[in-house]
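Structure file target_17.txt with compact mmCIF, C-alpha atoms:
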```txt
# COMPACT_ATOMS: atom_id res chain seq x y z
CA LYS V 1 -16.08 -13.08 21.17
CA GLU V 2 -15.58 -16.83 21.13
CA GLY V 3 -12.07 -18.11 20.45
CA ALA V 4 -10.54 -14.64 20.31
CA ILE V 5 -7.80 -13.39 22.63
CA MET V 6 -8.15 -9.95 24.19
CA VAL V 7 -5.04 -7.86 23.59
CA ASN V 8 -3.88 -4.87 25.61
CA ILE V 9 -2.31 -2.49 23.11
CA LYS V 10 0.60 -0.59 24.63
CA THR V 11 0.41 2.44 22.38
CA GLY V 12 3.29 4.37 23.93
CA LYS V 13 5.70 1.46 23.54
CA ASN V 14 4.66 0.89 19.93
CA ILE V 15 5.14 4.57 19.05
CA PHE V 16 8.64 4.49 20.60
CA VAL V 17 9.61 1.34 18.71
CA ASN V 18 8.32 2.72 15.40
CA VAL V 19 10.14 6.05 15.86
CA MET V 20 13.39 4.22 16.65
CA LEU V 21 13.00 2.01 13.58
CA ILE V 22 12.36 5.07 11.43
CA PHE V 23 15.48 6.74 12.85
CA PHE V 24 17.85 3.82 12.27
CA ILE V 25 16.51 2.97 8.81
CA SER V 26 16.78 6.68 7.88
CA LEU V 27 20.52 6.52 8.56
CA MET V 28 20.79 4.16 5.61
CA PHE V 29 19.32 6.74 3.27
CA PHE V 30 20.92 9.94 4.52
CA ARG V 31 24.53 8.84 4.89
CA PRO V 32 26.85 10.50 2.34
CA ALA V 33 27.36 8.85 -1.02
CA SER V 34 30.47 6.69 -1.13
CA GLY V 35 31.42 7.21 -4.74
CA GLU V 36 30.64 5.56 -8.04
CA ASN V 37 30.49 1.96 -9.17
CA THR V 38 31.22 0.50 -12.57
CA ILE V 39 28.39 -1.56 -14.01
CA LYS V 40 29.05 -3.89 -16.92
CA GLU V 41 26.25 -3.94 -19.48
CA GLU V 42 26.12 -6.28 -22.48
CA LYS V 43 24.61 -4.71 -25.57
CA SER V 44 22.24 -6.83 -27.65
CA PRO V 45 22.96 -7.84 -31.27
CA SER V 46 20.12 -5.59 -32.43
CA GLU V 47 22.16 -2.63 -31.27
CA GLY V 48 24.91 -3.57 -33.70
CA THR V 49 27.44 -5.07 -31.28
CA ASP V 50 27.82 -7.82 -28.74
CA THR V 51 30.58 -6.10 -26.80
CA ILE V 52 30.44 -5.35 -23.11
CA GLU V 53 30.12 -1.67 -22.28
CA GLU V 54 31.05 -0.16 -18.93
CA LYS V 55 28.88 2.45 -17.29
CA THR V 56 29.21 4.29 -14.03
CA ALA V 57 26.32 4.50 -11.59
CA PRO V 58 26.05 6.39 -8.31
CA GLU V 59 26.13 4.34 -5.14
CA ASP V 60 24.01 5.13 -2.07
CA ASN V 61 22.13 7.93 -3.87
CA ALA V 62 18.59 8.11 -2.52
CA LEU V 63 15.51 9.64 -4.05
CA ILE V 64 13.80 11.67 -1.34
CA TYR V 65 10.20 12.81 -1.69
CA GLY V 66 8.04 15.06 0.45
CA GLU V 67 4.37 14.30 1.08
CA PHE V 68 1.47 16.47 2.24
CA TYR V 69 -2.06 15.19 2.79
CA PHE V 70 -5.20 17.21 3.57
CA LEU V 71 -8.58 15.48 3.87
CA GLN V 72 -12.03 16.84 4.65
CA THR V 73 -15.03 14.52 4.97
CA VAL V 74 -18.73 15.23 5.43
CA SER V 75 -21.03 12.36 6.37
CA THR V 76 -24.64 11.68 7.30
CA GLY V 77 -23.36 9.45 10.13
CA GLU V 78 -22.76 10.43 13.74
CA ASP V 79 -19.31 11.93 13.06
CA ASN V 80 -20.52 14.17 10.26
CA PHE V 81 -17.61 16.60 9.89
CA ASN V 82 -13.97 15.56 10.02
CA THR V 83 -10.60 17.02 9.09
CA LEU V 84 -7.34 15.15 8.70
CA ASP V 85 -3.91 16.50 7.74
CA SER V 86 -0.55 14.78 7.54
CA ILE V 87 2.98 15.55 6.45
CA GLY V 88 5.81 13.13 5.81
CA PHE V 89 8.47 11.89 3.43
CA GLU V 90 9.60 8.88 1.41
CA ALA V 91 13.16 7.85 0.63
CA TYR V 92 13.90 5.18 -1.95
CA LYS V 93 17.30 3.77 -2.84
CA LYS V 94 18.81 1.12 -5.07
CA PHE V 95 22.07 -0.41 -3.92
CA ALA V 96 24.65 -1.13 -6.61
CA GLY V 97 27.90 -3.06 -6.80
CA GLU V 98 30.43 -3.93 -9.48
CA THR V 99 28.00 -6.25 -11.26
CA GLY V 100 24.90 -4.07 -10.92
CA ASP V 101 22.04 -3.68 -8.44
CA TRP V 102 22.05 -6.00 -5.44
CA GLY V 103 19.09 -4.58 -3.52
CA GLU V 104 16.67 -1.76 -2.84
CA GLY V 105 15.26 -0.05 0.22
CA ASP V 106 12.31 2.20 0.95
CA ILE V 107 11.06 4.11 3.98
CA GLN V 108 7.92 6.22 4.09
CA PHE V 109 6.14 7.69 7.08
CA ARG V 110 4.01 10.68 8.03
CA MET V 111 2.79 12.61 11.07
CA THR V 112 -0.98 13.04 11.32
CA TYR V 113 -3.03 15.91 12.70
CA SER V 114 -6.79 15.80 13.19
CA PRO V 115 -8.62 18.53 15.16
CA LEU V 116 -11.53 16.12 15.57
CA LYS V 117 -10.48 12.75 16.99
CA ASN V 118 -13.69 10.82 16.28
CA MET V 119 -12.86 9.73 12.75
CA ILE V 120 -15.33 7.67 10.78
CA VAL V 121 -14.09 4.10 10.36
CA THR V 122 -14.44 3.71 6.61
CA PRO V 123 -12.14 2.65 3.81
CA MET V 124 -11.94 6.28 2.65
CA PRO V 125 -9.16 6.49 3.76
CA ALA V 126 -7.77 3.84 6.13
CA ASN V 127 -8.15 4.32 9.88
CA PHE V 128 -5.92 6.98 11.48
CA PRO V 129 -4.70 7.17 15.10
CA ALA V 130 -4.93 10.21 17.38
CA ILE V 131 -3.35 13.61 16.90
CA GLY V 132 0.38 13.75 16.25
CA GLN V 133 1.12 10.02 15.94
CA PRO V 134 3.63 8.81 13.32
CA ILE V 135 2.16 6.50 10.71
CA LEU V 136 4.67 4.09 9.20
CA HIS V 137 3.93 3.12 5.60
CA ASN V 138 7.01 1.42 4.15
CA ALA V 139 10.23 0.40 5.90
CA PHE V 140 11.94 -2.45 4.08
CA ILE V 141 15.04 -3.72 2.34
CA ASN V 142 14.74 -6.12 -0.60
CA LEU V 143 17.95 -8.07 -1.27
CA LYS V 144 18.28 -9.34 -4.83
CA GLY V 145 19.37 -12.91 -5.50
CA ASN V 146 19.72 -15.15 -8.55
CA MET V 147 19.29 -12.26 -11.01
CA GLY V 148 16.03 -11.16 -9.40
CA ARG V 149 14.49 -14.64 -9.34
CA SER V 150 14.84 -15.19 -5.59
CA ASN V 151 14.94 -12.00 -3.52
CA VAL V 152 14.56 -11.62 0.24
CA LYS V 153 12.53 -8.71 1.62
CA ILE V 154 12.70 -7.74 5.30
CA GLY V 155 10.78 -5.02 7.12
CA HIS V 156 7.33 -3.41 6.94
CA PHE V 157 5.59 -3.82 3.57
CA ASP V 158 2.44 -4.99 1.76
CA VAL V 159 1.04 -8.36 2.75
CA PRO V 160 1.13 -10.28 -0.57
CA PHE V 161 -2.57 -10.86 -1.06
CA GLY V 162 -5.05 -9.49 -3.57
CA VAL V 163 -4.78 -6.44 -5.77
CA GLU V 164 -3.45 -4.01 -3.12
CA PRO V 165 0.31 -4.71 -3.66
CA ASP V 166 -0.11 -3.68 -7.33
CA ILE V 167 -2.26 -0.55 -6.99
CA ASP V 168 -1.06 1.01 -3.66
CA THR V 169 -4.04 2.91 -2.22
CA HIS V 170 -1.88 4.82 0.29
CA PRO V 171 -2.55 8.27 -1.27
CA THR V 172 -6.05 7.69 -2.69
CA LEU V 173 -9.60 8.16 -1.43
CA LEU V 174 -10.87 4.93 -2.98
CA GLN V 175 -9.49 1.90 -1.15
CA SER V 176 -9.19 -1.84 -1.72
CA LEU V 177 -10.60 -4.52 0.62
CA HIS V 178 -7.26 -5.07 2.38
CA MET V 179 -8.26 -3.23 5.57
CA TYR V 180 -11.48 -5.22 5.85
CA ASN V 181 -9.75 -8.49 5.06
CA PHE V 182 -6.80 -8.39 7.48
CA GLY V 183 -7.44 -5.31 9.63
CA TYR V 184 -4.37 -3.60 8.14
CA VAL V 185 -2.61 -3.17 4.78
CA LYS V 186 1.05 -3.68 5.69
CA ASP V 187 2.80 -5.84 8.27
CA TRP V 188 6.25 -6.59 9.67
CA GLY V 189 7.81 -9.72 8.23
CA ILE V 190 10.15 -11.44 5.81
CA SER V 191 9.30 -12.70 2.33
CA LEU V 192 10.81 -14.56 -0.59
CA ASN V 193 9.92 -12.88 -3.87
CA GLY V 194 11.05 -12.86 -7.47
CA GLN V 195 10.33 -12.68 -11.17
CA LEU V 196 10.36 -15.90 -13.15
CA GLU V 197 9.83 -16.29 -16.87
CA ASP V 198 6.04 -16.52 -16.76
CA VAL V 199 5.06 -15.51 -13.22
CA ASP V 200 6.00 -13.14 -10.40
CA TYR V 201 5.66 -14.45 -6.87
CA GLU V 202 5.94 -13.46 -3.21
CA ALA V 203 5.39 -15.49 -0.03
CA GLY V 204 6.16 -14.40 3.51
CA VAL V 205 5.79 -14.81 7.24
CA PHE V 206 4.48 -11.81 9.20
CA THR V 207 3.83 -10.74 12.79
CA GLY V 208 0.07 -10.54 12.22
CA THR V 209 -0.13 -7.20 14.06
CA GLY V 210 0.13 -4.65 11.23
CA THR V 211 2.00 -1.42 11.95
CA ASP V 212 2.73 -2.33 15.58
CA PHE V 213 6.07 -4.16 15.80
CA VAL V 214 5.25 -6.80 18.42
CA LEU V 215 6.02 -10.51 18.65
CA ASP V 216 4.48 -11.55 21.98
CA ARG V 217 0.71 -11.52 21.47
CA GLY V 218 0.01 -14.86 19.81
CA ALA V 219 -0.49 -13.26 16.40
CA TRP V 220 1.11 -14.45 13.15
CA LEU V 221 0.33 -14.55 9.46
CA VAL V 222 1.55 -16.52 6.44
CA SER V 223 0.56 -15.14 3.03
CA GLY V 224 1.55 -15.61 -0.60
CA ARG V 225 0.58 -14.50 -4.09
CA ILE V 226 1.54 -15.40 -7.66
CA THR V 227 0.75 -13.24 -10.68
CA ASN V 228 1.68 -12.90 -14.31
CA PRO V 229 4.36 -10.28 -15.15
CA THR V 230 3.25 -6.69 -14.51
CA GLU V 231 3.98 -5.48 -18.06
CA ASN V 232 0.93 -7.38 -19.40
CA ASP V 233 -2.26 -5.48 -20.28
CA PHE V 234 -4.24 -8.28 -18.64
CA ARG V 235 -2.98 -9.21 -15.19
CA TRP V 236 -4.18 -11.86 -12.80
CA GLY V 237 -3.19 -12.93 -9.31
CA VAL V 238 -3.92 -15.90 -7.03
CA SER V 239 -3.47 -15.51 -3.26
CA ALA V 240 -3.69 -17.54 -0.07
CA ALA V 241 -3.20 -16.58 3.59
CA GLY V 242 -3.72 -17.97 7.07
CA GLY V 243 -2.89 -17.22 10.69
CA ARG V 244 -4.03 -15.23 13.72
CA THR V 245 -4.32 -11.49 13.08
CA LEU V 246 -4.77 -8.49 15.35
CA ARG V 247 -7.72 -6.31 14.35
CA GLU V 248 -8.81 -2.76 15.25
CA ASP V 249 -10.90 -3.89 18.22
CA GLY V 250 -7.79 -5.23 19.99
CA MET V 251 -8.77 -8.87 19.45
CA ILE V 252 -6.76 -11.61 17.76
CA TYR V 253 -8.75 -13.76 15.33
CA SER V 254 -7.83 -17.02 13.64
CA MET V 255 -8.43 -16.84 9.89
CA TRP V 256 -7.62 -18.20 6.46
CA ARG V 257 -8.29 -16.75 3.02
CA ALA V 258 -7.99 -17.65 -0.68
CA GLY V 259 -8.51 -15.11 -3.42
CA PHE V 260 -8.27 -14.11 -7.07
CA ASP V 261 -7.63 -10.62 -8.46
CA THR V 262 -7.29 -9.11 -11.90
CA GLU V 263 -6.48 -5.89 -13.79
CA TYR V 264 -7.18 -5.13 -17.43
CA PHE V 265 -5.88 -2.08 -19.30
CA TYR V 266 -7.81 -1.09 -22.42
CA SER V 267 -7.24 2.26 -24.13
CA GLN V 268 -8.21 4.95 -21.57
CA TRP V 269 -9.85 2.41 -19.26
CA THR V 270 -8.52 0.36 -16.36
CA PHE V 271 -10.65 -2.42 -14.89
CA LYS V 272 -9.81 -4.02 -11.53
CA GLY V 273 -11.43 -6.78 -9.57
CA GLU V 274 -10.92 -9.02 -6.55
CA VAL V 275 -12.82 -11.83 -4.84
CA TYR V 276 -11.82 -13.80 -1.78
CA GLY V 277 -13.32 -16.27 0.63
CA GLY V 278 -12.36 -18.12 3.77
CA GLN V 279 -13.10 -18.27 7.46
CA THR V 280 -12.71 -16.09 10.56
CA GLU V 281 -12.97 -17.98 13.86
CA GLY V 282 -14.50 -20.90 11.94
CA ASN V 283 -17.23 -18.76 10.33
CA PRO V 284 -17.43 -17.84 6.63
CA SER V 285 -15.80 -14.59 5.44
CA TYR V 286 -15.83 -13.17 1.94
CA GLY V 287 -15.27 -10.08 -0.17
CA VAL V 288 -16.16 -8.86 -3.66
CA TRP V 289 -14.58 -5.70 -5.08
CA GLY V 290 -14.58 -4.07 -8.50
CA GLU V 291 -13.42 -0.76 -9.96
CA ALA V 292 -13.48 0.91 -13.38
CA ASP V 293 -11.26 3.96 -14.03
CA TYR V 294 -11.38 6.21 -17.08
CA MET V 295 -8.53 8.60 -17.90
CA PHE V 296 -9.79 11.55 -19.94
CA PRO V 297 -7.74 12.83 -22.90
CA GLY V 298 -4.98 15.05 -21.63
CA GLN V 299 -4.14 12.60 -18.81
CA ASN V 300 -5.06 15.11 -16.06
CA LEU V 301 -8.59 14.03 -15.10
CA GLU V 302 -9.58 10.51 -14.04
CA LEU V 303 -13.03 9.12 -13.19
CA GLU V 304 -13.23 6.22 -10.73
CA LEU V 305 -16.26 4.00 -10.08
CA GLN V 306 -16.13 1.30 -7.40
CA PHE V 307 -18.32 -1.37 -5.83
CA GLN V 308 -17.42 -3.32 -2.70
CA HIS V 309 -19.14 -5.89 -0.55
CA SER V 310 -17.49 -7.79 2.28
CA SER V 311 -18.13 -9.60 5.52
CA ILE V 312 -15.44 -10.14 8.16
CA ASN V 313 -17.46 -12.87 9.85
CA THR V 314 -20.94 -13.88 8.75
CA ASN V 315 -21.69 -15.05 12.29
CA MET V 316 -21.02 -11.58 13.75
CA GLU V 317 -23.83 -9.06 13.93
CA ASP V 318 -23.43 -6.02 11.67
CA SER V 319 -20.21 -7.22 10.01
CA ASP V 320 -21.23 -6.62 6.37
CA THR V 321 -20.08 -3.59 4.37
CA THR V 322 -21.67 -2.73 1.03
CA ALA V 323 -20.86 0.46 -0.87
CA LEU V 324 -20.95 2.25 -4.21
CA ILE V 325 -18.28 4.94 -4.62
CA ALA V 326 -17.62 7.49 -7.37
CA GLY V 327 -14.46 9.57 -7.41
CA LEU V 328 -12.56 12.13 -9.47
CA THR V 329 -8.82 12.79 -9.48
CA TYR V 330 -7.45 15.96 -11.09
CA ARG V 331 -3.70 16.33 -11.44
CA LEU V 332 -2.93 20.00 -10.90
CA SER V 333 0.74 19.44 -11.69
CA GLU V 334 3.35 16.70 -11.58
CA SER V 335 3.38 16.88 -7.76
CA TRP V 336 -0.10 18.13 -6.77
CA SER V 337 -3.43 16.30 -7.05
CA PHE V 338 -6.97 17.12 -6.01
CA ARG V 339 -9.37 14.27 -5.31
CA THR V 340 -13.02 14.06 -4.40
CA ALA V 341 -15.29 11.07 -3.84
CA TYR V 342 -18.92 10.36 -2.99
CA SER V 343 -19.70 7.11 -1.16
CA HIS V 344 -23.07 5.56 -0.47
CA TYR V 345 -22.87 2.79 2.12
CA PHE V 346 -25.90 0.52 2.04
CA ASN V 347 -24.51 -0.80 5.29
CA LEU V 348 -21.50 0.31 7.31
CA PRO V 349 -20.78 -1.53 10.59
CA GLY V 350 -21.91 0.66 13.46
CA ALA V 351 -23.48 3.28 11.19
CA GLY V 352 -26.01 1.52 8.95
CA SER V 353 -26.92 3.34 5.75
CA THR V 354 -24.55 6.29 5.33
CA ASP V 355 -23.53 8.84 2.70
CA GLN V 356 -20.10 10.43 2.69
CA VAL V 357 -18.30 13.06 0.61
CA GLY V 358 -14.55 13.50 0.80
CA PHE V 359 -12.16 16.16 -0.53
CA GLN V 360 -8.40 15.67 -0.61
CA LEU V 361 -5.45 17.84 -1.58
CA TYR V 362 -2.33 15.74 -2.02
CA PHE V 363 1.30 16.62 -2.67
CA TYR V 364 4.01 14.12 -3.52
CA GLY V 365 7.17 15.61 -4.97
CA LYS V 366 10.91 15.24 -5.16
CA SER V 367 12.94 17.29 -2.70
CA ILE V 368 16.30 16.20 -4.14
CA GLU V 369 16.65 16.19 -7.91
CA ASP V 370 18.15 13.05 -9.39
CA SER V 371 16.92 12.58 -12.92
CA ASP V 372 19.07 9.49 -13.50
CA ASN V 373 17.18 7.56 -10.83
CA GLU V 374 13.69 8.96 -11.40
CA ASP V 375 12.39 5.77 -12.99
CA ASN V 376 13.24 3.82 -9.85
CA SER V 377 10.60 5.55 -7.71
CA SER V 378 7.17 4.02 -7.23
CA ASP V 379 4.16 5.59 -8.95
CA LYS V 380 1.99 7.35 -6.36
CA TYR V 381 -0.81 8.20 -8.70
```

Go ahead and render the structure in this file as structure tokens.
Amino acid sequence: KEGAIMVNIKTGKNIFVNVMLIFFISLMFFRPASGENTIKEEKSPSEGTDTIEEKTAPEDNALIYGEFYFLQTVSTGEDNFNTLDSIGFEAYKKFAGETGDWGEGDIQFRMTYSPLKNMIVTPMPANFPAIGQPILHNAFINLKGNMGRSNVKIGHFDVPFGVEPDIDTHPTLLQSLHMYNFGYVKDWGISLNGQLEDVDYEAGVFTGTGTDFVLDRGAWLVSGRITNPTENDFRWGVSAAGGRTLREDGMIYSMWRAGFDTEYFYSQWTFKGEVYGGQTEGNPSYGVWGEADYMFPGQNLELELQFQHSSINTNMEDSDTTALIAGLTYRLSESWSFRTAYSHYFNLPGAGSTDQVGFQLYFYGKSIEDSDNEDNSSDKY
């Protein structure tokens, strides 16, 4: 493929590096708590006083969650029956000092098991490696500066582009366009991020290789996104990215992208959308994605309807993906969810017109109770 560099992926080395990173970052979360800190909090006039009140908060107290993932897919394609299981954990921690929080850290990974190795390459879910390989999801530290206006994040985390950083499709059957756009969802890098009065922002420099922590293959990525504050019912985001990224076929491609995304919350409905355009190896690339979710009364059953159309490179044969997907999520309890989805692909690279049905049983629950810090964990549903 013209202009692309062939890359020899050294899988064994990458697995070793990722396992070592998981081990050392885990030490941060599992070391014993070192006591309590005093945090000074100023009460507002509406509360009847303007005095400063002292509170104690635990230091180095992590929230630890267990995760179990079972997926069964049936497809009309060549690989028509597939099973995928995984088990893992997530640990999240806020770091506190005498004046309050000064940072946060998160690590999440899982071990996969698939009796059938020939998995269908579709966005439901993202691509999985062979049997028994660790999959690193999050591994980062975000250091707070200037009262949260200028923070520095280091590690493995979402590339700031499009709607994916806001919705987190890690546990879901329905996916965003992130995998099609970059070839991965998260990457190793460093970013500057913060919350200003009217906008939130994040911009970073990344390795361009996704989960594999490598710096010597000519890959790199610069990406940034600004959005209005997340508490708004109507949210928008503007993104831009460029670099040379490693994709699933072992090739490095030069690319640039610009995009717009939005979310709108109305009563029981949530509407999401994203469009982007740019070039891959000098040829046009684009993506259009939309989703409407309806939460039934009782908050246990959710209907999801999605449309997606994208092209990695319009000059490449069979690079377009077009699909309509309908899904249901039923929350069995606070920790357990059952999901199912039907996908009709008008075109799927390498498979043509394909139908797929997926069933997923998902567990995400706290293994160490810490009600004081519960609100600090990310929402996995």

> If you count all atoms listed in the file, which residues fall within 8 Å of Gly259 in chain V, apart from same-chain ones fewer than 4 positions away, as a list in words?
Replying inline: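 Answer for this query is Phe161, Gly162, Val238, Ser239, Ala240, Glu274, Val275, Tyr276 and Gly277 of chain V.
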
Would you save the residues of that selection, restricted to C-alpha atoms, as a short mmCIF file (atom, residue, chain, number, x, y, z; two decimals), keeping the file's coordinate frame?
```
data_model
loop_
_atom_site.label_atom_id
_atom_site.label_comp_id
_atom_site.auth_asym_id
_atom_site.auth_seq_id
_atom_site.Cartn_x
_atom_site.Cartn_y
_atom_site.Cartn_z
CA PHE V 161 -2.57 -10.86 -1.06
CA GLY V 162 -5.05 -9.49 -3.57
CA VAL V 238 -3.92 -15.90 -7.03
CA SER V 239 -3.47 -15.51 -3.26
CA ALA V 240 -3.69 -17.54 -0.07
CA GLU V 274 -10.92 -9.02 -6.55
CA VAL V 275 -12.82 -11.83 -4.84
CA TYR V 276 -11.82 -13.80 -1.78
CA GLY V 277 -13.32 -16.27 0.63
#
```

Build an axis-aligned box that encloses every atom of range 311-322 of chain V listed in the file, pad it by 8 Å on each side, and report its centre and edge lengths in Å to one decimal, as AutoDock Vina command-line options.
```
--center_x -19.6 --center_y -8.9 --center_z 7.5 --size_x 24.4 --size_y 28.3 --size_z 28.9
```

> Residues at most 9 Å from range 185-187 of chain V, counting only C-alpha atoms, excluding those fewer than 3 positions away in the same chain, as a VMD selection string?
Replying inline: chain V and resid 126 137 to 138 155 to 159 164 178 to 179 181 to 182 206 to 213

>> Between CA of Gly66 in chain V and CA of Arg110 in chain V, what distance in Å does the model show, to one decimal?
In response: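 CA of Arg110 in chain V lies at a distance of 9.6 Å from CA of Gly66 in chain V.
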
> If you count all atoms listed in the file, which residues fall within 10 Å of Asn142 in chain V, apart from same-chain ones fewer than 3 positions away, as a PyMOL selection string?
Replying inline: chain V and resi 94-95+102-106+145+151-155+190-193

> Of the candidates V:Asp101, V:Glu263, V:Glu67, V:Asp318, which shows the shortest atom-to-atom distance to Asp293 in chain V, using all atoms listed in the file?
Replying inline: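 Among V:Asp101, V:Glu263, V:Glu67, V:Asp318, it is V:Glu263 that comes nearest to Asp293 in chain V.
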
> Separation of CA of Trp336 in chain V and CA of Leu301 in chain V, in Å?
Replying inline: 12.6 Å

Can I get the residues of range 134-228 of chain V within 12 Å of range 362-367 of chain V, each with the closest pair of atoms and their distance in Å to one decimal, using all atoms listed in the file, sorted chain first then ascending number, as JSON lines?
```
{"residue": "V:His170", "atom": "CA", "partner": "V:Tyr362", "partner_atom": "CA", "distance": 11.2}
{"residue": "V:Pro171", "atom": "CA", "partner": "V:Tyr362", "partner_atom": "CA", "distance": 7.5}
{"residue": "V:Thr172", "atom": "CA", "partner": "V:Tyr362", "partner_atom": "CA", "distance": 8.9}
{"residue": "V:Leu173", "atom": "CA", "partner": "V:Tyr362", "partner_atom": "CA", "distance": 10.5}
```

>> Would you pick out the contacts of Met255 in chain V at 6 Å or less, using only C-alpha atoms, so that residues sharing its chain but fewer than 4 positions from it are not included, and give the list as a PyMOL selection string?
In response: chain V and resi 242-243+279-280

Could you turn the residues from that selection into a file that holds C-alpha atoms, as a compact mmCIF listing (two decimals), in the frame of the given file?
```
# COMPACT_ATOMS: atom_id res chain seq x y z
CA GLY V 242 -3.72 -17.97 7.07
CA GLY V 243 -2.89 -17.22 10.69
CA GLN V 279 -13.10 -18.27 7.46
CA THR V 280 -12.71 -16.09 10.56
```

>> From (-14.5, -5.4, -5.7), in the file's coordinates, out to 12 Å: which residues are reached, counting only C-alpha atoms? Answer as a ChimeraX atom specification.
In response: /V:162-164,174-178,180,259-263,271-276,286-292,305-310,321-325

>> At a cut-off of 8 Å, using all atoms listed in the file, what residues contact Gly194 in chain V? Leave out same-chain residues fewer than 6 positions from it and give the result as a list in words.
In response: Gly148, Arg149, Ser150, Asn151, Asp200, Tyr201 and Glu202 of chain V

> Which residue out of V:Glu248, V:Ile167, V:Phe70, V:Gln356 has the minimum interatomic distance to Ser337 in chain V when all atoms listed in the file are used?
Replying inline: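 Of the candidates, the smallest distance to Ser337 in chain V is held by V:Phe70.
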
>> The residues within 6 Å of (-22.1, -1.0, 6.9), using all atoms listed in the file and the coordinates of the file, should be reported as a PyMOL selection string; which are they?
In response: chain V and resi 320-321+347-349+352

>> If I take CA of Gly97 in chain V and CA of Phe140 in chain V, how far is one from the other in Å, to one decimal?
In response: 19.3 Å

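If you measure from each of V:Trp256, V:Met111, V:Ile226, V:Asp233 to Gly278 in chain V using all atoms listed in the file, the closest one turns out to be V:Trp256.
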
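Compared by their closest atoms to Ile64 in chain V, and using only C-alpha atoms, the residues V:Gly237, V:Gly88, V:Gly327, V:Gly224 rank with V:Gly88 nearest.
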
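Compared by their closest atoms to Gln108 in chain V, and using only C-alpha atoms, the residues V:Lys93, V:Arg339, V:Arg257, V:Arg225 rank with V:Lys93 nearest.
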